[in-house]
Every structure is written in structure tokens, then in C-alpha cells.
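One file, start-v6.txt, is given below (compact mmCIF, C-alpha atoms).
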```txt
# COMPACT_ATOMS: atom_id res chain seq x y z
CA MET A 1 110.24 138.17 73.30
CA LYS A 2 106.85 136.50 73.30
CA ARG A 3 107.28 135.60 69.59
CA LYS A 4 110.67 133.98 70.37
CA ILE A 5 109.13 131.83 73.12
CA ILE A 6 106.30 130.68 70.81
CA CYS A 7 108.78 129.74 68.10
CA THR A 8 110.80 127.73 70.57
CA ILE A 9 107.68 125.84 71.71
CA LEU A 10 106.67 125.14 68.10
CA ALA A 11 110.16 123.85 67.31
CA ILE A 12 110.05 121.50 70.29
CA LEU A 13 106.60 120.18 69.27
CA LEU A 14 107.78 119.63 65.71
CA LEU A 15 110.82 117.71 66.97
CA LEU A 16 108.68 115.49 69.20
CA THR A 17 106.31 114.79 66.32
CA SER A 18 109.16 113.66 64.08
CA ILE A 19 110.67 111.38 66.75
CA THR A 20 107.44 109.52 67.62
CA PRO A 21 107.31 107.28 64.48
CA VAL A 22 110.91 106.27 65.05
CA ILE A 23 110.17 105.20 68.62
CA GLY A 24 107.08 103.30 67.41
CA ALA A 25 109.05 101.44 64.73
CA ALA A 26 111.71 100.48 67.24
CA SER A 27 109.02 99.16 69.56
CA TYR A 28 107.50 97.00 66.81
CA GLN A 29 110.89 95.59 65.94
CA ASP A 30 111.45 94.75 69.57
CA GLN A 31 108.12 92.94 69.58
CA ILE A 32 109.06 91.05 66.41
CA ASP A 33 112.41 90.12 67.92
CA ASP A 34 110.61 88.98 71.05
CA VAL A 35 108.15 86.81 69.06
CA GLU A 36 110.94 85.35 66.96
CA GLY A 37 112.80 84.53 70.15
CA LYS A 38 109.72 82.78 71.51
CA LEU A 39 109.35 80.97 68.19
CA ASP A 40 112.93 79.75 68.44
CA ASP A 41 112.23 78.62 71.98
CA ALA A 42 109.13 76.80 70.75
CA GLU A 43 111.11 75.09 67.98
CA ASP A 44 113.75 74.07 70.52
CA GLU A 45 111.02 72.72 72.79
CA LYS A 46 109.46 70.86 69.87
CA ASN A 47 112.81 69.29 68.99
CA LYS A 48 113.33 68.47 72.63
CA VAL A 49 109.92 66.78 72.83
CA THR A 50 110.63 64.81 69.63
CA SER A 51 113.95 63.73 71.06
CA GLN A 52 112.26 62.75 74.30
CA LYS A 53 109.76 60.65 72.35
CA LYS A 54 112.63 58.87 70.66
CA ASP A 55 114.22 58.35 74.06
CA THR A 56 110.89 57.05 75.36
CA LEU A 57 110.64 54.52 72.53
CA ALA A 58 114.23 53.46 73.19
CA GLU A 59 113.46 53.13 76.91
CA ILE A 60 110.38 51.03 76.13
CA GLU A 61 112.50 48.76 73.94
CA ASP A 62 115.04 48.40 76.76
CA LEU A 63 112.19 47.52 79.12
CA ASP A 64 110.92 44.97 76.59
CA GLU A 65 114.37 43.40 76.63
CA SER A 66 114.33 43.34 80.44
CA ILE A 67 110.84 41.81 80.49
CA MET A 68 111.89 39.05 78.07
CA LYS A 69 115.03 38.44 80.13
CA TYR A 70 113.09 38.20 83.40
CA GLN A 71 110.50 35.91 81.81
CA LYS A 72 113.24 33.58 80.59
CA GLU A 73 114.99 33.58 83.98
CA ILE A 74 111.66 32.90 85.70
CA SER A 75 110.98 29.96 83.36
CA ASP A 76 114.49 28.59 84.00
CA LEU A 77 113.99 28.90 87.77
CA GLN A 78 110.59 27.23 87.58
CA ASP A 79 112.15 24.33 85.66
CA GLU A 80 114.95 24.13 88.23
CA ILE A 81 112.46 24.21 91.11
CA THR A 82 110.44 21.38 89.52
CA LYS A 83 113.60 19.28 89.06
CA THR A 84 114.73 19.96 92.63
CA GLU A 85 111.31 19.08 94.04
CA ASN A 86 111.40 15.81 92.08
CA ASN A 87 114.90 15.10 93.42
CA ILE A 88 113.68 15.75 96.96
CA LYS A 89 110.84 13.24 96.48
CA ILE A 90 113.29 10.66 95.09
CA ARG A 91 115.79 11.22 97.92
CA THR A 92 113.05 11.06 100.56
CA LYS A 93 111.84 7.73 99.21
CA GLU A 94 115.42 6.39 99.02
CA ILE A 95 116.02 7.39 102.63
CA GLU A 96 112.85 5.65 103.77
CA GLU A 97 113.83 2.44 101.94
CA LEU A 98 117.45 2.56 103.15
CA GLN A 99 116.34 3.32 106.68
CA GLN A 100 113.99 0.32 106.63
CA GLU A 101 116.74 -1.98 105.30
CA LEU A 102 119.15 -0.67 107.93
CA GLU A 103 116.70 -1.25 110.76
CA GLU A 104 115.98 -4.80 109.52
CA LYS A 105 119.68 -5.65 109.35
CA GLN A 106 120.32 -4.11 112.75
CA GLU A 107 117.47 -6.19 114.20
CA LEU A 108 118.87 -9.40 112.67
CA LEU A 109 122.34 -8.67 114.01
CA LYS A 110 120.89 -7.87 117.41
CA ASP A 111 119.06 -11.23 117.50
CA ARG A 112 122.24 -12.99 116.44
CA LEU A 113 124.31 -11.32 119.17
CA VAL A 114 121.68 -12.14 121.79
CA ALA A 115 121.72 -15.79 120.71
CA ILE A 116 125.52 -15.89 120.92
CA TYR A 117 125.43 -14.32 124.37
CA GLU A 118 122.79 -16.77 125.64
CA GLU A 119 124.59 -19.80 124.22
CA GLY A 120 128.01 -18.61 125.34
CA GLN A 121 131.23 -18.55 123.37
CA ILE A 122 132.10 -21.94 121.83
CA THR A 123 135.79 -22.75 122.28
CA PHE A 124 138.16 -25.00 120.33
CA LEU A 125 137.94 -27.56 123.15
CA ASP A 126 134.10 -27.57 123.03
CA VAL A 127 134.16 -28.34 119.34
CA LEU A 128 136.76 -31.07 119.75
CA LEU A 129 135.00 -32.81 122.63
CA SER A 130 131.60 -32.70 120.94
CA SER A 131 132.89 -34.20 117.70
CA ASP A 132 132.37 -37.93 117.07
CA SER A 133 135.25 -37.97 114.63
CA ILE A 134 137.91 -35.78 113.13
CA TRP A 135 135.62 -35.23 110.14
CA ASP A 136 132.83 -33.97 112.40
CA TYR A 137 135.32 -31.61 114.00
CA PHE A 138 136.37 -30.15 110.64
CA ALA A 139 132.76 -29.81 109.47
CA MET A 140 131.75 -27.97 112.64
CA GLU A 141 134.81 -25.73 112.44
CA VAL A 142 133.89 -24.77 108.89
CA ARG A 143 130.30 -24.00 109.94
CA MET A 144 131.53 -21.81 112.80
CA GLN A 145 133.86 -19.94 110.44
CA GLU A 146 131.01 -19.41 107.95
CA MET A 147 128.80 -18.06 110.72
CA ALA A 148 131.54 -15.66 111.83
CA GLU A 149 132.05 -14.47 108.26
CA ALA A 150 128.30 -14.02 107.87
CA ASP A 151 128.22 -11.95 111.05
CA ASN A 152 131.10 -9.79 109.81
CA LYS A 153 129.42 -9.37 106.41
CA GLU A 154 126.19 -8.36 108.12
CA MET A 155 128.02 -5.71 110.14
CA ASP A 156 129.79 -4.41 107.01
CA GLU A 157 126.43 -4.14 105.21
CA ILE A 158 124.96 -2.27 108.16
CA GLU A 159 127.88 0.16 108.09
CA GLU A 160 127.48 0.64 104.32
CA LYS A 161 123.73 1.20 104.65
CA SER A 162 124.38 3.75 107.38
CA LYS A 163 126.74 5.63 105.04
CA GLN A 164 124.16 5.52 102.24
CA VAL A 165 121.47 6.87 104.54
CA GLU A 166 123.78 9.68 105.68
CA LYS A 167 124.71 10.56 102.09
CA ALA A 168 121.07 10.58 100.98
CA LYS A 169 120.17 12.82 103.93
CA ASN A 170 122.97 15.26 103.03
CA GLU A 171 121.82 15.38 99.39
CA LEU A 172 118.27 15.94 100.59
CA GLU A 173 119.36 18.88 102.73
CA GLN A 174 121.35 20.33 99.82
CA ASN A 175 118.31 20.01 97.54
CA LYS A 176 116.11 21.69 100.13
CA ALA A 177 118.60 24.56 100.49
CA LYS A 178 118.78 24.87 96.70
CA LEU A 179 114.99 24.85 96.48
CA ASN A 180 114.69 27.63 99.06
CA SER A 181 117.36 29.68 97.26
CA ASN A 182 115.63 29.22 93.88
CA LYS A 183 112.28 30.19 95.35
CA LYS A 184 113.79 33.39 96.76
CA ASP A 185 115.39 34.14 93.38
CA LEU A 186 112.07 33.44 91.68
CA GLU A 187 110.28 35.84 94.01
CA SER A 188 112.91 38.51 93.31
CA LYS A 189 112.69 38.01 89.52
CA GLU A 190 108.89 38.16 89.61
CA GLY A 191 109.15 41.44 91.53
CA SER A 192 111.60 42.83 88.97
CA LEU A 193 109.33 41.69 86.14
CA LYS A 194 106.34 43.44 87.72
CA ILE A 195 108.31 46.69 88.12
CA ALA A 196 109.53 46.51 84.50
CA LYS A 197 105.97 46.01 83.23
CA VAL A 198 104.65 48.95 85.28
CA SER A 199 107.52 51.15 84.05
CA LYS A 200 106.86 50.13 80.47
CA GLN A 201 103.15 50.93 80.74
CA ALA A 202 103.95 54.35 82.18
CA LYS A 203 106.19 55.04 79.17
CA VAL A 204 103.59 53.74 76.70
CA ASP A 205 100.96 56.05 78.20
CA THR A 206 103.04 59.06 77.10
CA LEU A 207 103.15 58.01 73.44
CA SER A 208 101.07 59.45 70.61
CA ALA A 209 98.34 57.41 68.89
CA GLU A 210 100.69 56.52 66.03
CA GLU A 211 103.46 55.54 68.42
CA LYS A 212 101.02 53.46 70.49
CA LYS A 213 100.00 51.63 67.33
CA LEU A 214 103.65 50.89 66.64
CA GLN A 215 104.18 49.77 70.23
CA LYS A 216 101.15 47.46 69.97
CA GLN A 217 102.77 45.75 66.99
CA ILE A 218 105.99 45.36 68.97
CA ASP A 219 104.07 43.93 71.94
CA GLU A 220 102.37 41.43 69.65
CA TYR A 221 105.79 40.47 68.29
CA ASN A 222 107.15 39.90 71.81
CA ALA A 223 104.03 37.95 72.83
CA GLU A 224 104.53 35.71 69.81
CA ILE A 225 108.16 35.15 70.78
CA ALA A 226 107.10 34.25 74.34
CA ARG A 227 104.56 31.74 72.99
CA LEU A 228 107.18 30.16 70.75
CA GLU A 229 109.73 30.08 73.55
CA LYS A 230 107.32 28.02 75.64
CA LEU A 231 106.88 25.54 72.79
CA ILE A 232 110.63 25.44 72.19
CA ARG A 233 111.26 24.76 75.88
CA GLU A 234 108.89 21.78 75.75
CA GLN A 235 110.55 20.44 72.61
CA ALA A 236 114.04 20.97 74.05
CA ASN A 237 113.17 19.00 77.18
CA LYS A 238 111.97 16.12 75.00
CA ALA A 239 115.05 16.36 72.75
CA SER A 240 117.57 16.32 75.62
CA ASP A 241 117.35 12.51 75.76
CA VAL A 242 117.35 11.89 72.03
CA TYR A 243 120.20 14.04 70.75
CA SER A 244 123.48 14.87 72.50
CA GLY A 245 127.19 14.40 71.83
CA SER A 246 129.94 16.89 71.09
CA PHE A 247 130.52 19.29 68.23
CA SER A 248 133.92 19.94 66.66
CA GLY A 249 134.90 22.00 63.66
CA THR A 250 132.73 24.78 62.30
CA LEU A 251 129.17 25.32 61.20
CA GLY A 252 128.65 25.46 57.45
CA TRP A 253 127.28 28.50 55.62
CA PRO A 254 123.51 27.98 55.19
CA LEU A 255 123.53 28.89 51.49
CA SER A 256 125.28 27.56 48.40
CA ASN A 257 127.94 29.77 46.79
CA LYS A 258 126.05 29.19 43.53
CA SER A 259 123.02 31.08 44.85
CA SER A 260 122.72 34.75 43.91
CA GLY A 261 123.32 37.02 46.93
CA TYR A 262 124.58 34.14 49.10
CA ASN A 263 127.35 36.34 50.60
CA ILE A 264 125.63 39.75 50.69
CA ILE A 265 124.82 40.90 54.24
CA THR A 266 122.02 43.46 54.39
CA SER A 267 121.69 43.65 58.20
CA THR A 268 124.34 42.70 60.75
CA PHE A 269 124.00 41.47 64.32
CA GLY A 270 123.19 43.98 67.08
CA PRO A 271 121.61 47.47 67.31
CA ARG A 272 120.03 48.90 64.16
CA SER A 273 117.14 51.07 62.95
CA ALA A 274 114.07 48.86 62.67
CA PRO A 275 113.48 48.40 58.90
CA VAL A 276 109.68 48.07 59.34
CA ALA A 277 107.16 48.49 62.15
CA GLY A 278 107.36 45.58 64.58
CA ALA A 279 110.84 44.51 63.50
CA SER A 280 113.53 44.39 66.15
CA SER A 281 116.01 47.25 66.51
CA ASN A 282 118.36 44.86 68.30
CA HIS A 283 119.03 42.34 65.56
CA ARG A 284 119.75 38.85 66.90
CA GLY A 285 121.06 37.33 63.70
CA ILE A 286 122.21 38.33 60.22
CA ASP A 287 120.18 38.96 57.06
CA ILE A 288 121.51 37.51 53.81
CA ALA A 289 120.21 38.97 50.53
CA VAL A 290 118.87 35.94 48.68
CA GLY A 291 115.66 35.88 46.70
CA ILE A 292 112.50 33.90 47.32
CA GLY A 293 112.94 30.18 46.69
CA THR A 294 116.71 30.01 47.28
CA PRO A 295 117.66 26.61 48.83
CA VAL A 296 118.67 26.74 52.50
CA TYR A 297 120.92 24.06 54.04
CA ALA A 298 121.54 22.74 57.57
CA SER A 299 124.79 24.10 59.00
CA ALA A 300 125.59 20.82 60.81
CA ASP A 301 124.16 17.45 61.81
CA GLY A 302 121.27 17.94 64.19
CA TYR A 303 117.75 17.39 65.43
CA VAL A 304 114.88 19.63 64.27
CA LEU A 305 113.34 21.19 67.37
CA GLN A 306 110.88 23.26 65.37
CA ALA A 307 109.73 23.59 61.78
CA THR A 308 106.77 25.91 62.05
CA SER A 309 105.61 29.50 61.44
CA SER A 310 104.68 32.64 63.36
CA SER A 311 103.48 36.14 62.52
CA ALA A 312 106.86 37.65 63.38
CA ARG A 313 109.38 35.05 62.18
CA GLY A 314 107.30 33.70 59.33
CA LYS A 315 108.16 30.13 58.43
CA PHE A 316 111.26 29.10 60.35
CA ILE A 317 113.36 26.12 61.43
CA LEU A 318 115.26 25.66 64.72
CA ILE A 319 117.88 22.89 64.80
CA LYS A 320 119.64 21.45 67.87
CA HIS A 321 123.26 20.49 67.26
CA ALA A 322 125.64 18.91 69.77
CA SER A 323 127.47 20.73 72.60
CA ASP A 324 124.62 23.16 73.35
CA LEU A 325 124.68 24.70 69.88
CA TYR A 326 121.60 25.71 67.86
CA THR A 327 120.85 27.39 64.53
CA ARG A 328 117.66 29.15 63.36
CA TYR A 329 116.55 29.98 59.80
CA GLN A 330 113.71 32.54 59.43
CA HIS A 331 111.35 34.10 56.84
CA LEU A 332 111.36 30.96 54.69
CA SER A 333 108.92 30.46 51.84
CA SER A 334 108.78 26.74 52.67
CA TYR A 335 110.52 24.04 54.72
CA SER A 336 111.24 20.46 53.69
CA VAL A 337 111.88 19.00 57.17
CA SER A 338 109.57 18.46 60.15
CA THR A 339 109.84 18.74 63.93
CA GLY A 340 111.57 15.69 65.44
CA GLN A 341 113.53 14.87 62.29
CA TYR A 342 117.30 14.26 62.20
CA VAL A 343 119.26 16.19 59.56
CA LYS A 344 122.79 16.04 58.19
CA ARG A 345 125.21 18.88 57.50
CA GLY A 346 124.54 20.33 54.03
CA GLN A 347 121.06 18.77 53.80
CA LYS A 348 118.44 21.02 52.21
CA ILE A 349 115.91 22.04 54.86
CA GLY A 350 113.84 24.67 53.05
CA ASN A 351 113.74 27.71 50.76
CA SER A 352 114.27 31.37 51.61
CA GLY A 353 111.35 33.77 51.37
CA ASN A 354 109.65 36.88 52.70
CA THR A 355 107.26 35.53 55.34
CA GLY A 356 106.74 37.20 58.73
CA ILE A 357 107.90 40.72 59.59
CA GLY A 358 110.56 41.86 57.13
CA SER A 359 111.43 44.50 54.56
CA GLY A 360 111.91 42.12 51.65
CA ALA A 361 113.12 38.69 50.61
CA HIS A 362 116.14 37.44 52.58
CA LEU A 363 117.35 34.70 54.93
CA HIS A 364 117.60 35.58 58.61
CA PHE A 365 120.21 33.26 60.18
CA GLU A 366 120.98 32.85 63.90
CA ILE A 367 123.43 30.90 66.08
CA LEU A 368 122.37 30.26 69.69
CA THR A 369 123.92 28.65 72.78
CA THR A 370 120.49 27.57 74.08
CA PRO A 371 117.23 27.21 72.15
CA TYR A 372 115.80 30.26 73.92
CA TYR A 373 115.49 33.92 72.99
CA MET A 374 118.35 36.23 74.09
CA THR A 375 121.09 33.58 73.89
CA GLU A 376 122.05 34.39 70.29
CA ILE A 377 125.68 35.11 69.37
CA ASN A 378 127.06 37.11 66.46
CA PRO A 379 127.56 34.71 63.52
CA LEU A 380 130.00 37.12 61.83
CA THR A 381 132.48 37.40 64.71
CA CYS A 382 132.28 33.96 66.33
CA SER A 383 134.74 31.25 65.31
CA LEU A 384 131.96 28.65 65.06
CA LEU A 385 130.83 29.60 61.56
CA SER A 386 132.69 28.97 58.29
CA LYS A 387 132.07 32.20 56.35
CA PRO A 388 132.59 33.04 52.66
CA LYS A 389 134.02 36.38 51.56
CA LEU A 390 131.25 38.76 52.56
CA ILE A 391 129.84 41.90 50.97
CA TYR A 392 127.99 44.41 53.17
CA HIS A 393 125.07 46.46 51.82
```
Can you turn what I pasted into C-alpha cells?
Amino acid sequence: MKRKIICTILAILLLLTSITPVIGAASYQDQIDDVEGKLDDAEDEKNKVTSQKKDTLAEIEDLDESIMKYQKEISDLQDEITKTENNIKIRTKEIEELQQELEEKQELLKDRLVAIYEEGQITFLDVLLSSDSIWDYFAMEVRMQEMAEADNKEMDEIEEKSKQVEKAKNELEQNKAKLNSNKKDLESKEGSLKIAKVSKQAKVDTLSAEEKKLQKQIDEYNAEIARLEKLIREQANKASDVYSGSFSGTLGWPLSNKSSGYNIITSTFGPRSAPVAGASSNHRGIDIAVGIGTPVYASADGYVLQATSSSARGKFILIKHASDLYTRYQHLSSYSVSTGQYVKRGQKIGNSGNTGIGSGAHLHFEILTTPYYMTEINPLTCSLLSKPKLIYH
């Protein structure tokens, strides 16, 4: 009996010994599965972070767009405020002059009426009896009629001056109301600009060193655009009096059909992946695949607002056409026109190149409705441009 019990105990111990490695192996596998699960979670988190960084860069770009938009609107409002303030000064001076003329005429009429009252009304009989002859009578009658007409004319002029004063006062009040409205809008835009800049900085602070370097290049690009916009605004104000008129027909293609690559589009208008650091991911023109030195031609008669260069656009030309229409030609190797020059449709204005920020030789071509940034329209879909048969690469 005792031997049977011992055998049973030994059998149980042997069984437990054989099971233990199996339990240990299962535990290790569970641990491996657990680590692999955590690894998967880490990879997912890494992908999520990378995606968030991309979203952050996209958000920063959107904020850059908003900042440029607010800056343009603020500049427009400041121009409008200056014009309105000048109009108010002009109207105020006009009112003072008109008021003075009115008071002088009213005083003259008053003196005339007092004199008539003191002398009494001269009747037909008075004139007849005081005349030495029939000729004296007629002469006096004519003088009396002239005096009456002069009095009536004086009263008409007083009435007209009163209307002019009233009109000038109404225009002055309208200008003051407009000025107050513009100042409120300006204050609102400046607030929005400040918020956008703070939001942008908060996003930039989350970027890596490499991303911050990229963002710095983009900021320099935008700063350069802002500087050029200021210069363009000054030139446009000067040009408003020297070139106007209306535009009919279509703009010509800026390249000759004899030039290699004249109809090959390498980058269309609108959103895109930035080809190089600092280049825009919201393309505001089209890129045409022509080599360095290809002749570039004016799309229509116009006035050269700018023929200059910048770090971002390289050498470029901005031309004012009639009917609030503008064209811009960027990344040129050279230009053969100068600021303030008049050009004709089809006139050579420069040569294509690879200056500024770009991924290779090409012509960047834009159509704008004002000379300022963010008023560009798509050259490929608008009816303003005469286009050849295009090839897209």
C-alpha cells in the first residue's frame, strides 16, 4: 500500500516536471506577442506623428497664405484711408471757399434789398415824370430792367452756391463715414493678422530642426514677396495715370512655336508638391519647359511695371495691360526691357532661364487681375489666353 502511494507521488512529480517547460515557452511567446504588439503600436504612433508633421507643415502654409492675404488687405485699406483723408481735406477746403462766396453774395443781396426798401419802389409813373424826353424814359427803363435781372441772377447764384455747399457737406459726411468704416476694418484685419502670426509661430515651434530650416527658407521667400509687393504698389500708383484703356481679344502665348518645349507644361496652376525647398506648393502660374536663353515675348501691349530680380523669382518682368490685366514672366536669364517702358504685343522682352528658386530651366508665366500677389488666375482655363496645343509632363 505504501509502495503504491509513493509511486503515485513520483508519477505526479514527473508529470509536473514535464509540463513546466511547456508553460514557460507559452509565457515567453506571450511576452513576444506583447512586445510585437507594442512595436506595432509604436510604428502606428510614429506614422501618426509623421502625418501630423505633414499636417503641421500644411497648416503653416495655410497660415502663410492668410498672413499674405491680411497684409494685402491691410495695404489696400491703408491706401483707401489715405485717399479718403485727402478727399476730406479737399471737401473741407471747398466748403470753406463756397461758404465764403455764399456769405459774400448774401451780404451784397442784403445791401441791395435794403437800398431798394429805403428808396422805395419806383413806378412807371415815377420814371415817366422824371424823364426829360422819351429817350431818357427808355434809357432809364432799360437800366431798371438790367438792375432787376442782376438782382434775379444774384439770387439764382446764391441758390446754386447753397446747393453746392450742401452737396459738398454730404460728400464730406460720406467720406467721414467711409473713413471710420475703413479704420474699423483695418483694426479687425490687423487683429486677424496678429492671431495668424501667433498661430503660425506656435506651429513652427513644433517642427524639427530640418523642418525649421525649410520653414525659414519659406519665410524668406514670403518676406521677399512682401518687399516686392510694396515696390509694385508704388509703381502701380505711378502707372495708373500713364497707362489705361480697354483690352479686347486674347493674350498671346509668351513663347514662339519655333522654340523647343514652347508647349510643354511641367507644372500647372494650383496645389502641388513643392519641387524644391522654398518653392510654393500652391502654384500661382504655369511652368513651360523651355531651355535657358529661349526668347520670351510680351503677351499684349503694355507698360513695364517691373523688370528686376529677387532671390525667389529670379529675374522677372511684370507688365500692366489695359482693363486691369497684368502678366508676369519669372526665372529669366536676362531681360531686354526696363521699368517704365512701353511694349507691344509680340515684342521680345527677355530670355528664359533658371534664376531664383526652381528645379531647372523653364519659364514661369502668370496672369493677374491686379499687380499684387494672390490675384493670379489660371492661364490654362481662362479665356483670356490664346493657347497652343499643350503637352503635360
task = Could you give me, as a PyMOL selection string, the residues within 12 Å of Asp79 (chain A), counting only C-alpha atoms and dropping anything in the same chain fewer than 6 positions from it?
result = chain A and resi 72-73+85-86+179+182-183+186+230+233-234+237
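Between Gly350 (chain A) and the residues A:Ala177, A:Leu102, A:Leu255, A:Ile90, the shortest atom-to-atom distance, using all atoms listed in the file, involves A:Leu255.
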task = Counting all atoms listed in the file, figure out which residue out of A:Ile349, A:Ile88, A:Ile286, A:Ala202 gets nearest to Lys169 (chain A).
result =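 Smallest separation from Lys169 (chain A) among the options: A:Ile88.
Compared by their closest atoms to Gly314 (chain A), and using all atoms listed in the file, the residues A:Val296, A:Leu172, A:Ile357, A:Val165 rank with A:Ile357 nearest.
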Best match for closeness to Ser336 (chain A) among A:Pro388, A:Pro254, A:Pro295, A:Pro271, counting only C-alpha atoms =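 Ranking A:Pro388, A:Pro254, A:Pro295, A:Pro271 by distance to Ser336 (chain A), first place goes to A:Pro295.
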query = What is the CA of Lys83 (chain A)-CA of Lys184 (chain A) distance in Å, reported with one decimal?
reply = 16.1 Å
request  = State, in Å with one decimal place, the distance from CA of Phe365 (chain A) to CA of Ile377 (chain A).
outcome  =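 Atom-to-atom, CA of Phe365 (chain A) to CA of Ile377 (chain A), that is 10.9 Å.
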inquiry  = I'd like the neighbourhood of His362 (chain A) as a list in words, where a residue qualifies if any of its atoms comes within 10 Å (using only C-alpha atoms), though same-chain residues fewer than 6 positions away should be ignored.
reply    =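 Here the answer would be Gly261, Tyr262, Ile264, Ile265, Thr266, Ile286, Asp287, Ile288, Ala289, Val290, Gly291, Ile292, Gly293, Thr294, Gln330, His331, Leu332, Ser352, Gly353, Asn354 and Thr355 of chain A.
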Write the selection just made, keeping C-alpha atoms, as a PDB file, in the frame of the given file?
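The resulting part.pdb:
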```
ATOM      1  CA  GLY A 261     123.320  37.020  46.930  1.00  0.00           C
ATOM      2  CA  TYR A 262     124.580  34.140  49.100  1.00  0.00           C
ATOM      3  CA  ILE A 264     125.630  39.750  50.690  1.00  0.00           C
ATOM      4  CA  ILE A 265     124.820  40.900  54.240  1.00  0.00           C
ATOM      5  CA  THR A 266     122.020  43.460  54.390  1.00  0.00           C
ATOM      6  CA  ILE A 286     122.210  38.330  60.220  1.00  0.00           C
ATOM      7  CA  ASP A 287     120.180  38.960  57.060  1.00  0.00           C
ATOM      8  CA  ILE A 288     121.510  37.510  53.810  1.00  0.00           C
ATOM      9  CA  ALA A 289     120.210  38.970  50.530  1.00  0.00           C
ATOM     10  CA  VAL A 290     118.870  35.940  48.680  1.00  0.00           C
ATOM     11  CA  GLY A 291     115.660  35.880  46.700  1.00  0.00           C
ATOM     12  CA  ILE A 292     112.500  33.900  47.320  1.00  0.00           C
ATOM     13  CA  GLY A 293     112.940  30.180  46.690  1.00  0.00           C
ATOM     14  CA  THR A 294     116.710  30.010  47.280  1.00  0.00           C
ATOM     15  CA  GLN A 330     113.710  32.540  59.430  1.00  0.00           C
ATOM     16  CA  HIS A 331     111.350  34.100  56.840  1.00  0.00           C
ATOM     17  CA  LEU A 332     111.360  30.960  54.690  1.00  0.00           C
ATOM     18  CA  SER A 352     114.270  31.370  51.610  1.00  0.00           C
ATOM     19  CA  GLY A 353     111.350  33.770  51.370  1.00  0.00           C
ATOM     20  CA  ASN A 354     109.650  36.880  52.700  1.00  0.00           C
ATOM     21  CA  THR A 355     107.260  35.530  55.340  1.00  0.00           C
TER      22      THR A 355
END
```
inquiry  = Just checking: using all atoms listed in the file, which residue out of A:Arg227, A:Arg284, A:His393, A:Arg91 ends up closest to Gln174 (chain A)?
reply    = A:Arg91
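Using only C-alpha atoms, the smallest distance between any of A:Lys93, A:Lys212, A:Lys389, A:Lys163 and Asn263 (chain A) comes from A:Lys389.
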Contact residues around Gly302 (chain A) with only C-alpha atoms at 12 Å, ignoring same-chain residues under 3 positions, as a CSV table (one decimal) with C-alpha atoms, in the coordinates of the input:
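Produced file selection.csv, reproduced below:
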```csv
chain,number,residue,atom,x,y,z
A,239,ALA,CA,115.0,16.4,72.8
A,242,VAL,CA,117.4,11.9,72.0
A,243,TYR,CA,120.2,14.0,70.8
A,244,SER,CA,123.5,14.9,72.5
A,245,GLY,CA,127.2,14.4,71.8
A,246,SER,CA,129.9,16.9,71.1
A,247,PHE,CA,130.5,19.3,68.2
A,251,LEU,CA,129.2,25.3,61.2
A,297,TYR,CA,120.9,24.1,54.0
A,298,ALA,CA,121.5,22.7,57.6
A,299,SER,CA,124.8,24.1,59.0
A,305,LEU,CA,113.3,21.2,67.4
A,306,GLN,CA,110.9,23.3,65.4
A,317,ILE,CA,113.4,26.1,61.4
A,318,LEU,CA,115.3,25.7,64.7
A,319,ILE,CA,117.9,22.9,64.8
A,320,LYS,CA,119.6,21.4,67.9
A,321,HIS,CA,123.3,20.5,67.3
A,322,ALA,CA,125.6,18.9,69.8
A,323,SER,CA,127.5,20.7,72.6
A,324,ASP,CA,124.6,23.2,73.4
A,325,LEU,CA,124.7,24.7,69.9
A,326,TYR,CA,121.6,25.7,67.9
A,327,THR,CA,120.8,27.4,64.5
A,328,ARG,CA,117.7,29.2,63.4
A,337,VAL,CA,111.9,19.0,57.2
A,339,THR,CA,109.8,18.7,63.9
A,340,GLY,CA,111.6,15.7,65.4
A,341,GLN,CA,113.5,14.9,62.3
A,342,TYR,CA,117.3,14.3,62.2
A,343,VAL,CA,119.3,16.2,59.6
A,344,LYS,CA,122.8,16.0,58.2
A,345,ARG,CA,125.2,18.9,57.5
A,346,GLY,CA,124.5,20.3,54.0
A,347,GLN,CA,121.1,18.8,53.8
A,349,ILE,CA,115.9,22.0,54.9
```
note = The distance between CA of Asn282 (chain A) and CA of Gly270 (chain A) is 5.1 Å
Test item: residues at most 12 Å from Ser192 (chain A), only C-alpha atoms, excluding those fewer than 4 positions along its chain, as a PDB file with C-alpha atoms, in the frame of the given file:
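Output file result_36.pdb follows:
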```
ATOM      1  CA  LEU A  63     112.190  47.520  79.120  1.00  0.00           C
ATOM      2  CA  SER A  66     114.330  43.340  80.440  1.00  0.00           C
ATOM      3  CA  ILE A  67     110.840  41.810  80.490  1.00  0.00           C
ATOM      4  CA  MET A  68     111.890  39.050  78.070  1.00  0.00           C
ATOM      5  CA  LYS A  69     115.030  38.440  80.130  1.00  0.00           C
ATOM      6  CA  TYR A  70     113.090  38.200  83.400  1.00  0.00           C
ATOM      7  CA  GLN A  71     110.500  35.910  81.810  1.00  0.00           C
ATOM      8  CA  GLU A  73     114.990  33.580  83.980  1.00  0.00           C
ATOM      9  CA  ILE A  74     111.660  32.900  85.700  1.00  0.00           C
ATOM     10  CA  ASP A 185     115.390  34.140  93.380  1.00  0.00           C
ATOM     11  CA  LEU A 186     112.070  33.440  91.680  1.00  0.00           C
ATOM     12  CA  GLU A 187     110.280  35.840  94.010  1.00  0.00           C
ATOM     13  CA  SER A 188     112.910  38.510  93.310  1.00  0.00           C
ATOM     14  CA  ALA A 196     109.530  46.510  84.500  1.00  0.00           C
ATOM     15  CA  LYS A 197     105.970  46.010  83.230  1.00  0.00           C
ATOM     16  CA  VAL A 198     104.650  48.950  85.280  1.00  0.00           C
ATOM     17  CA  SER A 199     107.520  51.150  84.050  1.00  0.00           C
TER      18      SER A 199
END
```
